[in-house]
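S.K.: Contents are CSV, N, CA and C atoms; file name coords-v3.csv:
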chain,number,residue,atom,x,y,z
I,276,MET,N,19.5,-41.3,66.6
I,276,MET,CA,20.0,-40.2,65.8
I,276,MET,C,21.5,-40.4,65.6
I,277,ILE,N,22.0,-40.0,64.4
I,277,ILE,CA,23.4,-40.2,64.1
I,277,ILE,C,24.2,-38.9,64.6
I,278,GLU,N,25.2,-39.2,65.3
I,278,GLU,CA,26.0,-38.1,65.8
I,278,GLU,C,27.3,-37.9,64.9
I,279,LEU,N,27.5,-36.8,64.4
I,279,LEU,CA,28.6,-36.5,63.5
I,279,LEU,C,29.8,-35.9,64.2
I,280,SER,N,30.9,-36.3,63.8
I,280,SER,CA,32.1,-35.8,64.5
I,280,SER,C,32.4,-34.4,64.0
I,281,SER,N,33.2,-33.7,64.8
I,281,SER,CA,33.5,-32.3,64.5
I,281,SER,C,34.4,-32.2,63.3
I,282,SER,N,35.3,-33.2,63.1
I,282,SER,CA,36.2,-33.2,61.9
I,282,SER,C,35.4,-33.4,60.6
I,283,PHE,N,34.3,-34.2,60.7
I,283,PHE,CA,33.5,-34.4,59.5
I,283,PHE,C,32.7,-33.1,59.2
I,284,MET,N,32.3,-32.4,60.3
I,284,MET,CA,31.5,-31.1,60.0
I,284,MET,C,32.4,-30.1,59.5
I,285,ILE,N,33.7,-30.0,59.9
I,285,ILE,CA,34.6,-29.0,59.4
I,285,ILE,C,34.9,-29.3,57.9
I,286,THR,N,35.1,-30.6,57.6
I,286,THR,CA,35.3,-31.0,56.2
I,286,THR,C,34.1,-30.7,55.4
I,287,ALA,N,32.9,-30.9,55.9
I,287,ALA,CA,31.7,-30.6,55.1
I,287,ALA,C,31.6,-29.1,54.9
I,288,TYR,N,31.9,-28.3,55.9
I,288,TYR,CA,31.8,-26.8,55.7
I,288,TYR,C,32.9,-26.3,54.7
I,289,VAL,N,34.1,-26.9,54.7
I,289,VAL,CA,35.1,-26.5,53.7
I,289,VAL,C,34.7,-26.9,52.3
I,290,MET,N,34.1,-28.1,52.2
I,290,MET,CA,33.6,-28.5,50.9
I,290,MET,C,32.5,-27.6,50.4
I,291,LEU,N,31.6,-27.2,51.3
I,291,LEU,CA,30.5,-26.3,50.9
I,291,LEU,C,31.0,-24.9,50.4
I,292,ILE,N,32.0,-24.4,51.1
I,292,ILE,CA,32.6,-23.2,50.8
I,292,ILE,C,33.3,-23.3,49.4
I,293,ALA,N,34.0,-24.4,49.2
I,293,ALA,CA,34.7,-24.6,47.9
I,293,ALA,C,33.7,-24.7,46.7
I,294,ILE,N,32.5,-25.4,47.0
I,294,ILE,CA,31.5,-25.5,46.0
I,294,ILE,C,30.9,-24.1,45.7
I,295,THR,N,30.7,-23.3,46.7
I,295,THR,CA,30.1,-22.0,46.5
I,295,THR,C,31.1,-21.1,45.7
I,296,ILE,N,32.4,-21.1,46.1
I,296,ILE,CA,33.4,-20.3,45.4
I,296,ILE,C,33.5,-20.8,43.9
I,297,GLY,N,33.4,-22.1,43.7
I,297,GLY,CA,33.4,-22.6,42.3
I,297,GLY,C,32.2,-22.1,41.5
I,298,ALA,N,31.0,-22.1,42.1
I,298,ALA,CA,29.9,-21.6,41.4
I,298,ALA,C,29.9,-20.2,41.1
I,299,ILE,N,30.4,-19.4,42.0
I,299,ILE,CA,30.5,-17.9,41.8
I,299,ILE,C,31.6,-17.6,40.7
I,300,ALA,N,32.7,-18.4,40.8
I,300,ALA,CA,33.8,-18.2,39.8
I,300,ALA,C,33.3,-18.5,38.4
I,301,ALA,N,32.4,-19.6,38.3
I,301,ALA,CA,31.9,-19.9,36.9
I,301,ALA,C,31.0,-18.8,36.4
I,302,LEU,N,30.2,-18.2,37.3
I,302,LEU,CA,29.3,-17.1,37.0
I,302,LEU,C,30.0,-15.8,36.5
I,303,LEU,N,31.2,-15.6,37.1
I,303,LEU,CA,31.9,-14.3,36.8
I,303,LEU,C,32.8,-14.4,35.6
I,304,GLN,N,32.9,-15.5,35.0
I,304,GLN,CA,33.8,-15.7,33.9
I,304,GLN,C,33.3,-15.0,32.6
I,305,LYS,N,34.1,-14.4,31.9
I,305,LYS,CA,33.8,-13.8,30.6
I,305,LYS,C,33.8,-14.8,29.5
I,306,ASP,N,34.8,-15.7,29.6
I,306,ASP,CA,35.0,-16.8,28.6
I,306,ASP,C,34.1,-17.9,28.9
I,307,LEU,N,33.2,-18.3,27.9
I,307,LEU,CA,32.2,-19.3,28.2
I,307,LEU,C,32.8,-20.7,28.3
I,308,LEU,N,33.8,-21.0,27.6
I,308,LEU,CA,34.5,-22.3,27.7
I,308,LEU,C,35.1,-22.5,29.1
I,309,ARG,N,35.7,-21.4,29.6
I,309,ARG,CA,36.3,-21.5,30.9
I,309,ARG,C,35.2,-21.7,32.0
I,310,ALA,N,34.1,-21.0,31.8
I,310,ALA,CA,33.0,-21.1,32.7
I,310,ALA,C,32.4,-22.6,32.7
I,311,ALA,N,32.4,-23.2,31.5
I,311,ALA,CA,31.9,-24.6,31.4
I,311,ALA,C,32.9,-25.5,32.2
I,312,PHE,N,34.2,-25.3,32.0
I,312,PHE,CA,35.1,-26.2,32.7
I,312,PHE,C,35.1,-26.0,34.2
I,313,ILE,N,34.9,-24.7,34.7
I,313,ILE,CA,34.8,-24.5,36.1
I,313,ILE,C,33.5,-25.1,36.6
I,314,SER,N,32.5,-25.0,35.9
I,314,SER,CA,31.2,-25.6,36.3
I,314,SER,C,31.4,-27.2,36.5
I,315,GLY,N,32.1,-27.8,35.6
I,315,GLY,CA,32.4,-29.2,35.7
I,315,GLY,C,33.2,-29.5,36.9
I,316,ALA,N,34.2,-28.7,37.2
I,316,ALA,CA,35.1,-28.9,38.4
I,316,ALA,C,34.2,-28.7,39.7
I,317,GLU,N,33.3,-27.8,39.6
I,317,GLU,CA,32.5,-27.5,40.8
I,317,GLU,C,31.5,-28.7,41.0
I,318,SER,N,31.1,-29.3,39.9
I,318,SER,CA,30.3,-30.5,40.0
I,318,SER,C,31.0,-31.7,40.6
I,319,ILE,N,32.3,-31.8,40.3
I,319,ILE,CA,33.1,-32.9,40.9
I,319,ILE,C,33.1,-32.7,42.4
I,320,ALA,N,33.3,-31.5,42.9
I,320,ALA,CA,33.3,-31.2,44.3
I,320,ALA,C,32.0,-31.5,44.9
I,321,LEU,N,30.9,-31.2,44.3
I,321,LEU,CA,29.6,-31.5,44.8
I,321,LEU,C,29.3,-33.0,44.8
I,322,ALA,N,29.9,-33.7,43.8
I,322,ALA,CA,29.7,-35.2,43.9
I,322,ALA,C,30.5,-35.8,45.1
I,323,PHE,N,31.7,-35.3,45.3
I,323,PHE,CA,32.4,-35.7,46.5
I,323,PHE,C,31.7,-35.4,47.8
I,324,PHE,N,31.0,-34.3,47.8
I,324,PHE,CA,30.3,-33.9,49.0
I,324,PHE,C,29.1,-34.8,49.2
I,325,PHE,N,28.4,-35.2,48.2
I,325,PHE,CA,27.3,-36.2,48.3
I,325,PHE,C,27.9,-37.6,48.8
I,326,GLN,N,29.1,-37.9,48.3
I,326,GLN,CA,29.7,-39.2,48.8
I,326,GLN,C,30.0,-39.1,50.3
I,327,ALA,N,30.5,-38.0,50.7
I,327,ALA,CA,30.8,-37.8,52.1
I,327,ALA,C,29.6,-37.8,53.0
I,328,LEU,N,28.5,-37.4,52.4
I,328,LEU,CA,27.2,-37.4,53.2
I,328,LEU,C,26.5,-38.8,53.1
I,329,LEU,N,27.2,-39.8,52.6
I,329,LEU,CA,26.7,-41.2,52.5
I,329,LEU,C,25.5,-41.3,51.6
I,330,ALA,N,25.5,-40.5,50.5
I,330,ALA,CA,24.5,-40.6,49.4
I,330,ALA,C,25.2,-41.0,48.1
I,331,PRO,N,25.6,-42.2,48.0
I,331,PRO,CA,26.3,-42.6,46.8
I,331,PRO,C,25.5,-42.5,45.5
I,332,ASP,N,24.2,-42.7,45.6
I,332,ASP,CA,23.4,-42.5,44.3
I,332,ASP,C,23.4,-41.1,43.8
I,333,LEU,N,23.3,-40.1,44.7
I,333,LEU,CA,23.3,-38.7,44.3
I,333,LEU,C,24.7,-38.4,43.8
I,334,GLY,N,25.8,-38.9,44.5
I,334,GLY,CA,27.1,-38.6,44.1
I,334,GLY,C,27.5,-39.1,42.7
I,335,LEU,N,27.0,-40.3,42.4
I,335,LEU,CA,27.3,-40.9,41.1
I,335,LEU,C,26.5,-40.1,40.0
I,336,THR,N,25.3,-39.8,40.3
I,336,THR,CA,24.5,-39.0,39.3
I,336,THR,C,25.1,-37.7,39.1
I,337,GLN,N,25.5,-37.0,40.2
I,337,GLN,CA,26.1,-35.7,40.0
I,337,GLN,C,27.4,-35.8,39.3
I,338,ALA,N,28.2,-36.8,39.5
I,338,ALA,CA,29.4,-37.0,38.8
I,338,ALA,C,29.2,-37.1,37.3
I,339,ILE,N,28.2,-37.9,36.9
I,339,ILE,CA,28.0,-38.1,35.5
I,339,ILE,C,27.3,-36.9,34.8
I,340,VAL,N,26.3,-36.4,35.4
I,340,VAL,CA,25.5,-35.4,34.8
I,340,VAL,C,26.2,-34.0,34.9
I,341,GLY,N,26.7,-33.7,36.1
I,341,GLY,CA,27.3,-32.4,36.3
I,341,GLY,C,28.7,-32.2,35.8
I,342,THR,N,29.4,-33.3,35.7
I,342,THR,CA,30.8,-33.3,35.3
I,342,THR,C,31.0,-33.5,33.8
I,343,VAL,N,30.1,-34.3,33.2
I,343,VAL,CA,30.3,-34.7,31.8
I,343,VAL,C,29.2,-34.1,30.9
I,344,LEU,N,28.0,-34.3,31.2
I,344,LEU,CA,26.9,-33.9,30.3
I,344,LEU,C,26.7,-32.4,30.3
I,345,LEU,N,26.6,-31.8,31.4
I,345,LEU,CA,26.3,-30.3,31.5
I,345,LEU,C,27.4,-29.5,30.8
I,346,PRO,N,28.7,-29.7,31.1
I,346,PRO,CA,29.7,-28.9,30.4
I,346,PRO,C,29.8,-29.3,28.9
I,347,GLY,N,29.5,-30.6,28.6
I,347,GLY,CA,29.5,-31.0,27.2
I,347,GLY,C,28.4,-30.3,26.4
I,348,ILE,N,27.2,-30.2,27.0
I,348,ILE,CA,26.2,-29.6,26.3
I,348,ILE,C,26.5,-28.1,26.1
I,349,ILE,N,27.0,-27.5,27.1
I,349,ILE,CA,27.4,-26.0,27.1
I,349,ILE,C,28.4,-25.8,26.0
I,350,ILE,N,29.5,-26.7,26.0
I,350,ILE,CA,30.5,-26.5,25.0
I,350,ILE,C,30.0,-26.8,23.6
I,351,LEU,N,29.1,-27.8,23.4
I,351,LEU,CA,28.5,-28.0,22.1
I,351,LEU,C,27.7,-26.8,21.7
I,352,GLY,N,27.0,-26.2,22.6
I,352,GLY,CA,26.2,-25.0,22.2
I,352,GLY,C,27.0,-23.9,21.9
I,353,ILE,N,28.2,-23.7,22.5
I,353,ILE,CA,29.1,-22.6,22.2
I,353,ILE,C,29.7,-22.8,20.8
I,354,PHE,N,30.1,-24.0,20.5
I,354,PHE,CA,30.6,-24.2,19.1
I,354,PHE,C,29.6,-24.2,18.0
I,355,LYS,N,28.4,-24.6,18.3
I,355,LYS,CA,27.3,-24.6,17.3
I,355,LYS,C,26.7,-23.2,17.0
I,356,THR,N,26.9,-22.3,17.9
I,356,THR,CA,26.3,-21.0,17.6
I,356,THR,C,27.4,-20.1,17.0
I,357,ARG,N,26.9,-19.2,16.2
I,357,ARG,CA,27.9,-18.2,15.5
I,357,ARG,C,27.6,-16.8,16.0
I,358,ARG,N,28.6,-16.1,16.2
I,358,ARG,CA,28.5,-14.8,16.7
I,358,ARG,C,28.6,-13.8,15.5
I,359,THR,N,27.7,-12.9,15.4
I,359,THR,CA,27.7,-11.9,14.4
I,359,THR,C,28.2,-10.6,14.9
I,360,GLU,N,29.2,-10.1,14.3
I,360,GLU,CA,29.8,-8.8,14.7
I,360,GLU,C,29.1,-7.7,14.0
I,361,GLU,N,28.8,-6.6,14.7
I,361,GLU,CA,28.2,-5.5,14.1
I,361,GLU,C,29.4,-4.6,13.5
I,362,GLU,N,29.1,-4.1,12.3
I,362,GLU,CA,30.1,-3.4,11.6
I,362,GLU,C,29.9,-1.9,11.7
Let me see the structure of the file written as structure tokens.
M.R.:
Amino acid sequence: MIELSSSFMITAYVMLIAITIGAIAALLQKDLLRAAFISGAESIALAFFFQALLAPDLGLTQAIVGTVLLPGIIILGIFKTRRTEEE
């Protein structure tokens, strides 16, 4: 069994707290573009977390999909939709 050092566990807990705060901050945003950018930043933190856990395949996939594709699709959807104002 692999024994993890206490400094690694503290770093892992700090990263998990940062990821959770980032996800909650993205959910609470009124501006959709800002929420997309925060979601991308949160995905970078999650990719680093996977790298720290020695899962480079998950980290690389998360970095590509969560940081580039997901916010890109959200931003594209925001710009392609039109908002109609009630008069």
S.K.: If we count all atoms listed in the file, what is near stretch 350-355 of chain I at a cut-off of 8 Å, once residues fewer than 6 positions away on the same chain are taken out, given as a compact mmCIF listing (two decimals) with N, CA and C atoms, in the coordinates of the input?
M.R.:
# COMPACT_ATOMS: atom_id res chain seq x y z
N LEU I 307 33.20 -18.30 27.90
CA LEU I 307 32.20 -19.30 28.20
C LEU I 307 32.80 -20.70 28.30
N LEU I 308 33.80 -21.00 27.60
CA LEU I 308 34.50 -22.30 27.70
C LEU I 308 35.10 -22.50 29.10
N ALA I 311 32.40 -23.20 31.50
CA ALA I 311 31.90 -24.60 31.40
C ALA I 311 32.90 -25.50 32.20
N PHE I 312 34.20 -25.30 32.00
CA PHE I 312 35.10 -26.20 32.70
C PHE I 312 35.10 -26.00 34.20
N LEU I 344 28.00 -34.30 31.20
CA LEU I 344 26.90 -33.90 30.30
C LEU I 344 26.70 -32.40 30.30
S.K.: My list of candidates is I:Thr295, I:Ser281, I:Thr286, I:Ser318. Which is closest to I:Gly341 when distances are computed with all atoms listed in the file?
M.R.: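 Among the listed residues, the smallest separation from I:Gly341 belongs to I:Ser318.
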S.K.: Select from chain I everything DSSP, run on the backbone, classes as alpha helix (DSSP H), then give the selection as JSON, numbers by chain.
M.R.: {"I": [281, 282, 283, 284, 285, 286, 287, 288, 289, 290, 291, 292, 293, 294, 295, 296, 297, 298, 299, 300, 301, 302, 303, 307, 308, 309, 310, 311, 312, 313, 314, 315, 316, 317, 318, 319, 320, 321, 322, 323, 324, 325, 326, 327, 331, 332, 333, 334, 335, 336, 337, 338, 339, 345, 346, 347, 348, 349, 350, 351, 352, 353, 354, 355]}
S.K.: Taking only N, CA and C atoms into account, name the residue in I:Pro331, I:Ala338, I:Val343, I:Ala320 that is nearest to I:Met290.
M.R.: I:Ala320
S.K.: Rounded to one decimal place, report the atom N of I:Gln337-atom CA of I:Gly315 distance in Å.
M.R.: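 About the pair atom N of I:Gln337 and atom CA of I:Gly315: they are 11.3 Å apart.
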S.K.: Quick one: pull the distance between atom N of I:Gly297 and atom N of I:Ala322, Å, one decimal.
M.R.: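 Computed distance, atom N of I:Gly297 to atom N of I:Ala322, equals 12.1 Å.
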S.K.: Take the point (34.3, -24.3, 39.6) in the file's coordinates, draw a sphere of radius 12 Å around it, and report as a PDB file with N, CA and C atoms, in the coordinates of the input every protein, DNA or RNA residue with an atom inside or on it, counting only C-alpha atoms.
M.R.:
ATOM      1  N   ILE I 292      32.000 -24.400  51.100  1.00  0.00           N
ATOM      2  CA  ILE I 292      32.600 -23.200  50.800  1.00  0.00           C
ATOM      3  C   ILE I 292      33.300 -23.300  49.400  1.00  0.00           C
ATOM      4  N   ALA I 293      34.000 -24.400  49.200  1.00  0.00           N
ATOM      5  CA  ALA I 293      34.700 -24.600  47.900  1.00  0.00           C
ATOM      6  C   ALA I 293      33.700 -24.700  46.700  1.00  0.00           C
ATOM      7  N   ILE I 294      32.500 -25.400  47.000  1.00  0.00           N
ATOM      8  CA  ILE I 294      31.500 -25.500  46.000  1.00  0.00           C
ATOM      9  C   ILE I 294      30.900 -24.100  45.700  1.00  0.00           C
ATOM     10  N   THR I 295      30.700 -23.300  46.700  1.00  0.00           N
ATOM     11  CA  THR I 295      30.100 -22.000  46.500  1.00  0.00           C
ATOM     12  C   THR I 295      31.100 -21.100  45.700  1.00  0.00           C
ATOM     13  N   ILE I 296      32.400 -21.100  46.100  1.00  0.00           N
ATOM     14  CA  ILE I 296      33.400 -20.300  45.400  1.00  0.00           C
ATOM     15  C   ILE I 296      33.500 -20.800  43.900  1.00  0.00           C
ATOM     16  N   GLY I 297      33.400 -22.100  43.700  1.00  0.00           N
ATOM     17  CA  GLY I 297      33.400 -22.600  42.300  1.00  0.00           C
ATOM     18  C   GLY I 297      32.200 -22.100  41.500  1.00  0.00           C
ATOM     19  N   ALA I 298      31.000 -22.100  42.100  1.00  0.00           N
ATOM     20  CA  ALA I 298      29.900 -21.600  41.400  1.00  0.00           C
ATOM     21  C   ALA I 298      29.900 -20.200  41.100  1.00  0.00           C
ATOM     22  N   ILE I 299      30.400 -19.400  42.000  1.00  0.00           N
ATOM     23  CA  ILE I 299      30.500 -17.900  41.800  1.00  0.00           C
ATOM     24  C   ILE I 299      31.600 -17.600  40.700  1.00  0.00           C
ATOM     25  N   ALA I 300      32.700 -18.400  40.800  1.00  0.00           N
ATOM     26  CA  ALA I 300      33.800 -18.200  39.800  1.00  0.00           C
ATOM     27  C   ALA I 300      33.300 -18.500  38.400  1.00  0.00           C
ATOM     28  N   ALA I 301      32.400 -19.600  38.300  1.00  0.00           N
ATOM     29  CA  ALA I 301      31.900 -19.900  36.900  1.00  0.00           C
ATOM     30  C   ALA I 301      31.000 -18.800  36.400  1.00  0.00           C
ATOM     31  N   LEU I 302      30.200 -18.200  37.300  1.00  0.00           N
ATOM     32  CA  LEU I 302      29.300 -17.100  37.000  1.00  0.00           C
ATOM     33  C   LEU I 302      30.000 -15.800  36.500  1.00  0.00           C
ATOM     34  N   LEU I 303      31.200 -15.600  37.100  1.00  0.00           N
ATOM     35  CA  LEU I 303      31.900 -14.300  36.800  1.00  0.00           C
ATOM     36  C   LEU I 303      32.800 -14.400  35.600  1.00  0.00           C
ATOM     37  N   GLN I 304      32.900 -15.500  35.000  1.00  0.00           N
ATOM     38  CA  GLN I 304      33.800 -15.700  33.900  1.00  0.00           C
ATOM     39  C   GLN I 304      33.300 -15.000  32.600  1.00  0.00           C
ATOM     40  N   ARG I 309      35.700 -21.400  29.600  1.00  0.00           N
ATOM     41  CA  ARG I 309      36.300 -21.500  30.900  1.00  0.00           C
ATOM     42  C   ARG I 309      35.200 -21.700  32.000  1.00  0.00           C
ATOM     43  N   ALA I 310      34.100 -21.000  31.800  1.00  0.00           N
ATOM     44  CA  ALA I 310      33.000 -21.100  32.700  1.00  0.00           C
ATOM     45  C   ALA I 310      32.400 -22.600  32.700  1.00  0.00           C
ATOM     46  N   ALA I 311      32.400 -23.200  31.500  1.00  0.00           N
ATOM     47  CA  ALA I 311      31.900 -24.600  31.400  1.00  0.00           C
ATOM     48  C   ALA I 311      32.900 -25.500  32.200  1.00  0.00           C
ATOM     49  N   PHE I 312      34.200 -25.300  32.000  1.00  0.00           N
ATOM     50  CA  PHE I 312      35.100 -26.200  32.700  1.00  0.00           C
ATOM     51  C   PHE I 312      35.100 -26.000  34.200  1.00  0.00           C
ATOM     52  N   ILE I 313      34.900 -24.700  34.700  1.00  0.00           N
ATOM     53  CA  ILE I 313      34.800 -24.500  36.100  1.00  0.00           C
ATOM     54  C   ILE I 313      33.500 -25.100  36.600  1.00  0.00           C
ATOM     55  N   SER I 314      32.500 -25.000  35.900  1.00  0.00           N
ATOM     56  CA  SER I 314      31.200 -25.600  36.300  1.00  0.00           C
ATOM     57  C   SER I 314      31.400 -27.200  36.500  1.00  0.00           C
ATOM     58  N   GLY I 315      32.100 -27.800  35.600  1.00  0.00           N
ATOM     59  CA  GLY I 315      32.400 -29.200  35.700  1.00  0.00           C
ATOM     60  C   GLY I 315      33.200 -29.500  36.900  1.00  0.00           C
ATOM     61  N   ALA I 316      34.200 -28.700  37.200  1.00  0.00           N
ATOM     62  CA  ALA I 316      35.100 -28.900  38.400  1.00  0.00           C
ATOM     63  C   ALA I 316      34.200 -28.700  39.700  1.00  0.00           C
ATOM     64  N   GLU I 317      33.300 -27.800  39.600  1.00  0.00           N
ATOM     65  CA  GLU I 317      32.500 -27.500  40.800  1.00  0.00           C
ATOM     66  C   GLU I 317      31.500 -28.700  41.000  1.00  0.00           C
ATOM     67  N   SER I 318      31.100 -29.300  39.900  1.00  0.00           N
ATOM     68  CA  SER I 318      30.300 -30.500  40.000  1.00  0.00           C
ATOM     69  C   SER I 318      31.000 -31.700  40.600  1.00  0.00           C
ATOM     70  N   ILE I 319      32.300 -31.800  40.300  1.00  0.00           N
ATOM     71  CA  ILE I 319      33.100 -32.900  40.900  1.00  0.00           C
ATOM     72  C   ILE I 319      33.100 -32.700  42.400  1.00  0.00           C
ATOM     73  N   ALA I 320      33.300 -31.500  42.900  1.00  0.00           N
ATOM     74  CA  ALA I 320      33.300 -31.200  44.300  1.00  0.00           C
ATOM     75  C   ALA I 320      32.000 -31.500  44.900  1.00  0.00           C
ATOM     76  N   LEU I 321      30.900 -31.200  44.300  1.00  0.00           N
ATOM     77  CA  LEU I 321      29.600 -31.500  44.800  1.00  0.00           C
ATOM     78  C   LEU I 321      29.300 -33.000  44.800  1.00  0.00           C
ATOM     79  N   GLY I 341      26.700 -33.700  36.100  1.00  0.00           N
ATOM     80  CA  GLY I 341      27.300 -32.400  36.300  1.00  0.00           C
ATOM     81  C   GLY I 341      28.700 -32.200  35.800  1.00  0.00           C
ATOM     82  N   THR I 342      29.400 -33.300  35.700  1.00  0.00           N
ATOM     83  CA  THR I 342      30.800 -33.300  35.300  1.00  0.00           C
ATOM     84  C   THR I 342      31.000 -33.500  33.800  1.00  0.00           C
ATOM     85  N   PRO I 346      28.700 -29.700  31.100  1.00  0.00           N
ATOM     86  CA  PRO I 346      29.700 -28.900  30.400  1.00  0.00           C
ATOM     87  C   PRO I 346      29.800 -29.300  28.900  1.00  0.00           C
TER      88      PRO I 346
END
S.K.: How far is it from atom CA of I:Phe323 to atom CA of I:Ser282, in Å with one decimal?
M.R.: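 It comes out at 16.1 Å.
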S.K.: Taking the point (26.6, -37.4, 48.0) as given in the file, collect each protein or nucleic acid residue that comes within 7 Å of it, counting all atoms listed in the file, and present the set as a list in words.
M.R.: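 Checked against the point, the hits come out as Leu321, Ala322, Phe323, Phe324, Phe325, Gln326, Ala327, Leu328, Leu329, Ala330, Pro331, Asp332, Leu333, Gly334 and Leu335 of chain I.
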